[in-house]
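*Asks:* Contents of coords04.cif (mmCIF, C-alpha atoms) are given next:
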data_start
#
loop_
_atom_site.label_atom_id
_atom_site.label_comp_id
_atom_site.auth_asym_id
_atom_site.auth_seq_id
_atom_site.Cartn_x
_atom_site.Cartn_y
_atom_site.Cartn_z
CA ASP M 271 90.31 92.77 106.49
CA VAL M 272 92.52 89.67 106.68
CA LYS M 273 92.49 86.88 109.28
CA GLY M 274 93.92 83.41 108.94
CA LEU M 275 96.06 80.54 110.11
CA GLU M 276 98.22 77.85 108.60
CA LEU M 277 99.43 74.53 110.01
CA GLU M 278 101.89 72.05 108.53
CA THR M 279 103.25 68.72 109.73
CA THR M 280 105.45 65.84 108.68
CA ILE M 281 105.23 62.61 110.64
CA ARG M 282 107.39 59.49 110.29
CA PRO M 283 105.67 56.90 112.51
CA LEU M 284 107.47 53.86 111.02
CA ASP M 285 110.62 53.22 109.03
CA GLY M 286 109.85 54.08 105.41
CA LEU M 287 106.44 55.67 106.11
CA THR M 288 106.00 59.43 105.82
CA ILE M 289 102.75 61.31 106.38
CA ASP M 290 102.61 65.02 105.61
CA GLY M 291 99.82 67.53 105.71
CA SER M 292 98.82 71.15 105.78
CA LEU M 293 95.71 73.13 106.66
CA SER M 294 95.02 76.77 105.85
CA TYR M 295 92.18 79.12 106.75
CA ILE M 296 91.96 82.66 105.42
CA ASN M 297 89.20 85.20 105.76
CA PHE M 298 90.16 87.99 103.35
CA GLN M 299 87.38 90.45 102.62
CA TYR M 300 86.92 93.90 101.22
CA LYS M 301 85.11 96.07 103.75
CA ASN M 302 84.14 99.57 102.77
CA VAL M 303 81.47 102.05 103.72
CA GLY M 304 80.82 104.18 100.67
CA THR M 305 79.69 107.81 100.59
CA SER M 306 76.10 106.57 100.48
CA GLY M 307 76.61 104.89 103.86
CA ILE M 308 76.10 101.43 102.34
CA SER M 309 78.50 98.87 103.75
CA ILE M 310 80.16 96.63 101.16
CA HIS M 311 81.44 93.19 102.21
CA ALA M 312 82.93 90.90 99.56
CA THR M 313 85.38 88.02 99.50
CA THR M 314 88.49 88.73 97.45
CA PRO M 315 88.72 86.87 94.13
CA TYR M 316 90.57 83.55 93.95
CA THR M 317 90.88 83.30 97.74
CA PRO M 318 89.56 80.00 99.13
CA GLU M 319 88.54 80.16 102.77
CA TRP M 320 89.80 76.63 103.48
CA THR M 321 92.50 74.52 101.88
CA TYR M 322 94.17 71.34 103.03
CA SER M 323 96.51 68.79 101.60
CA PHE M 324 97.99 65.52 102.76
CA GLY M 325 100.31 62.85 101.50
CA VAL M 326 101.16 59.31 102.49
CA GLN M 327 104.34 57.75 101.16
CA TYR M 328 105.96 54.40 101.80
CA ASP M 329 109.55 53.70 100.75
CA HIS M 330 110.70 50.07 100.65
CA GLU M 331 114.38 49.28 100.31
CA ILE M 332 115.36 46.38 98.06
CA GLU M 333 118.82 45.28 96.85
CA PRO M 334 118.98 47.40 93.67
CA GLY M 335 117.28 50.50 95.14
CA THR M 336 114.06 51.88 96.62
CA ILE M 337 110.43 51.32 95.62
CA SER M 338 108.15 54.20 96.65
CA ALA M 339 104.37 54.44 96.64
CA ARG M 340 102.65 57.75 97.31
CA PHE M 341 99.10 59.07 97.44
CA ASP M 342 98.38 62.73 97.99
CA GLY M 343 95.21 64.73 98.07
CA SER M 344 94.24 68.37 98.21
CA PHE M 345 91.05 70.31 98.89
CA GLN M 346 90.10 73.89 98.09
CA SER M 347 86.82 75.46 99.20
CA ASP M 348 84.68 77.65 96.93
CA ILE M 349 86.24 80.73 95.35
CA PHE M 350 84.85 83.71 93.49
CA THR M 351 86.52 84.91 90.30
CA GLU M 352 85.41 88.53 90.64
CA SER M 353 85.04 90.94 93.54
CA SER M 354 81.26 91.30 93.14
CA ASN M 355 80.91 87.68 94.34
CA SER M 356 78.02 86.95 91.99
CA GLU M 357 76.80 83.38 91.99
CA TRP M 358 77.94 83.15 88.36
CA SER M 359 81.53 83.84 89.43
CA ARG M 360 81.59 81.03 92.02
CA VAL M 361 83.93 78.08 91.42
CA LYS M 362 82.79 75.22 93.64
CA GLY M 363 85.28 73.65 96.03
CA ASN M 364 86.89 70.37 95.08
CA PHE M 365 89.12 67.53 96.24
CA LEU M 366 91.83 66.07 93.99
CA GLY M 367 93.82 62.89 94.49
CA ASN M 368 97.10 61.89 92.85
CA GLY M 369 99.20 58.73 92.98
CA ARG M 370 102.76 57.75 92.12
CA LEU M 371 104.75 54.53 92.07
CA SER M 372 108.50 54.85 91.52
CA PHE M 373 111.78 52.99 91.63
CA THR M 374 115.06 54.76 92.42
CA THR M 375 118.42 53.03 92.01
CA LYS M 376 120.62 52.64 95.07
CA ASP M 377 123.10 55.25 93.75
CA LYS M 378 120.11 57.62 93.14
CA ASP M 379 121.26 58.21 89.54
CA TRP M 380 118.07 56.78 87.95
CA ARG M 381 114.39 56.99 88.78
CA LEU M 382 111.46 55.40 86.93
CA SER M 383 107.99 56.65 87.90
CA LEU M 384 104.37 56.00 86.98
CA GLU M 385 102.18 58.91 88.06
CA VAL M 386 98.44 59.56 87.86
CA GLN M 387 97.08 63.09 88.37
CA ASN M 388 93.38 63.64 89.20
CA ILE M 389 93.12 59.93 89.92
CA PHE M 390 89.33 60.08 90.50
CA ASN M 391 88.83 61.94 87.18
CA LYS M 392 87.05 64.81 88.96
CA PHE M 393 85.48 67.41 86.64
CA TYR M 394 85.82 70.95 87.93
CA TYR M 395 86.48 74.47 86.71
CA LEU M 396 89.66 76.48 87.24
CA THR M 397 87.84 79.73 86.61
CA VAL M 398 84.45 81.03 85.46
CA SER M 399 83.57 84.45 84.07
CA ASP M 400 80.22 86.18 84.06
CA VAL M 401 80.21 88.08 80.78
CA SER M 402 76.42 88.06 80.50
CA ALA M 403 76.24 91.86 80.49
CA SER M 404 78.42 92.12 77.37
CA LEU M 405 78.09 88.73 75.65
CA GLY M 406 75.09 87.15 77.33
CA VAL M 407 76.98 84.08 78.56
CA VAL M 408 78.92 82.67 81.50
CA THR M 409 82.16 81.03 80.43
CA GLY M 410 84.40 78.58 82.24
CA VAL M 411 87.81 76.94 81.91
CA PRO M 412 87.69 73.27 82.90
CA ALA M 413 90.66 71.67 84.62
CA THR M 414 92.66 68.81 83.20
CA PRO M 415 90.96 65.40 83.49
CA ARG M 416 92.79 62.30 84.74
CA THR M 417 96.27 62.16 83.24
CA TRP M 418 99.13 59.77 83.63
CA ALA M 419 102.83 59.90 82.94
CA LEU M 420 105.67 57.43 82.79
CA THR M 421 108.94 59.24 83.43
CA VAL M 422 112.59 58.30 83.49
CA LYS M 423 114.96 60.62 85.31
CA ARG M 424 118.77 60.54 85.19
CA SER M 425 120.81 62.61 87.67
CA PHE M 426 124.40 63.54 86.89
#
Could you spell out this file's structure in structure tokens?
*Replies:*
Amino acid sequence: DVKGLELETTIRPLDGLTIDGSLSYINFQYKNVGTSGISIHATTPYTPEWTYSFGVQYDHEIEPGTISARFDGSFQSDIFTESSNSEWSRVKGNFLGNGRLSFTTKDKDWRLSLEVQNIFNKFYYLTVSDVSASLGVVTGVPATPRTWALTVKRSF
């Protein structure tokens, strides 16, 4: 049983300022009445009910090129990593923020950027697995902590 909606927008309220965003809702569930007459309702694995993202970017023109500053964020609600939806397979929802400052030459041949991912250094799991029946443990894969990159790009 699948129900959902998705909205996206891009707004340019001022010269150089761009605001973009998206919102998604999905209700995707297994629904089955077995031969025993027991009704089974479970959320599908890796399917967040709510997600949203947004970005704010300002581009400022100067003589040699363009300076751009951007912040973007994204949210994902809880997910389950297995169809049984056990509490041990729940990955809690999280919000992540990223930032970037860049300079692009007027001819757009060169770009220098400083970027920070997971700017708030949020600790969260990408996935968890309940293997307690076979190994007696619940395992998890943590996401990447705050990272940064300095990049130089040349277009030909």
*Asks:* Please list as an MDAnalysis selection string every residue within 8 Å of M:Phe345, counting only C-alpha atoms and excluding residues in the same chain fewer than 2 positions away.
*Replies:* chainID M and resid 320:323 343 347 363:366
*Asks:* Please provide the set of residues having any atom within 7 Å of M:Val422, restricted to all atoms listed in the file, with same-chain residues fewer than 4 positions apart removed, written as a list in words.
*Replies:*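 Residues near the query, excluding close chain neighbours: Arg381, Leu382 and Ser383 of chain M.
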*Asks:* Please write the residues picked by the PyMOL selection byres ((chain M and resi 278-293) around 8) on this file as a tab-separated table (two decimals) with C-alpha atoms, in the frame of the given file.
*Replies:*
chain	number	residue	atom	x	y	z
M	276	GLU	CA	98.22	77.85	108.60
M	277	LEU	CA	99.43	74.53	110.01
M	294	SER	CA	95.02	76.77	105.85
M	295	TYR	CA	92.18	79.12	106.75
M	320	TRP	CA	89.80	76.63	103.48
M	321	THR	CA	92.50	74.52	101.88
M	322	TYR	CA	94.17	71.34	103.03
M	323	SER	CA	96.51	68.79	101.60
M	324	PHE	CA	97.99	65.52	102.76
M	325	GLY	CA	100.31	62.85	101.50
M	326	VAL	CA	101.16	59.31	102.49
M	327	GLN	CA	104.34	57.75	101.16
M	328	TYR	CA	105.96	54.40	101.80
M	329	ASP	CA	109.55	53.70	100.75
M	330	HIS	CA	110.70	50.07	100.65
*Asks:* Calculate how many Å separate atom CA of M:Gln299 from atom CA of M:Thr409, rounding to one decimal.
*Replies:* 24.7 Å
*Asks:* How far is it from atom CA of M:Gln346 to atom CA of M:Leu384, in Å with one decimal?
*Replies:*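 Atom CA of M:Leu384 lies at a distance of 25.4 Å from atom CA of M:Gln346.
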*Asks:* I would like the residues chosen by the PyMOL selection byres ((chain M and resi 391) around 12) on the shown file; could you give them as a VMD selection string?
*Replies:* chain M and resid 364 to 368 386 to 390 392 to 394 413 to 418
*Asks:* Report the distance between atom CA of M:Thr314 and atom CA of M:Tyr395 in Å, rounded to one decimal place.
*Replies:*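 A separation of 18.0 Å between them.
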*Asks:* Assuming the chain letters and numbering stay as they are in my file, what does the PyMOL selection byres ((chain M and resi 370-372) around 6) actually select? List them as a list in words.
*Replies:* Ile337, Ser338, Ala339, Arg340, Gly369, Phe373, Leu382, Ser383, Leu384 and Glu385 of chain M
*Asks:* Could you tell me which of M:Glu357, M:Pro318, M:Thr313, M:Thr375 comes closest to M:Ser425 if we count all atoms listed in the file?
*Replies:*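 Among the listed residues, the smallest separation from M:Ser425 belongs to M:Thr375.
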*Asks:* How big is the axis-aligned box around all listed atoms of stretch 365-381 of chain M once 6 Å goes on each side, and where's its centre, in Å to one decimal, as lines of an AutoDock Vina configuration file?
*Replies:*
center_x = 106.1
center_y = 60.1
center_z = 92.1
size_x = 46.0
size_y = 26.9
size_z = 20.3
*Asks:* Report as a PyMOL selection string all protein, DNA and RNA residues lying within 8 Å of stretch 351-354 of chain M, evaluated on all atoms listed in the file, omitting residues in the same chain fewer than 4 positions from it.
*Replies:* chain M and resi 312-316+359-361+397-399
*Asks:* Of the candidates M:Thr317, M:Phe298, M:Pro334, M:Ser356, which one gets nearest to M:Val401 if we count all atoms listed in the file?
*Replies:*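 For M:Val401, the nearest of the candidates is M:Ser356.
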*Asks:* Determine the nearest neighbour of M:Trp358 from the options M:Glu319, M:Ile332, M:Trp380, M:Asp400, counting all atoms listed in the file.
*Replies:*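 Smallest separation from M:Trp358 among the options: M:Asp400.
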*Asks:* Could you check which of M:Asp348, M:Asp379, M:Gly406, M:Asn355 is closest to M:Tyr300, using all atoms listed in the file?
*Replies:*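 Once distances to M:Tyr300 are computed over all atoms listed in the file, the minimum belongs to M:Asn355.
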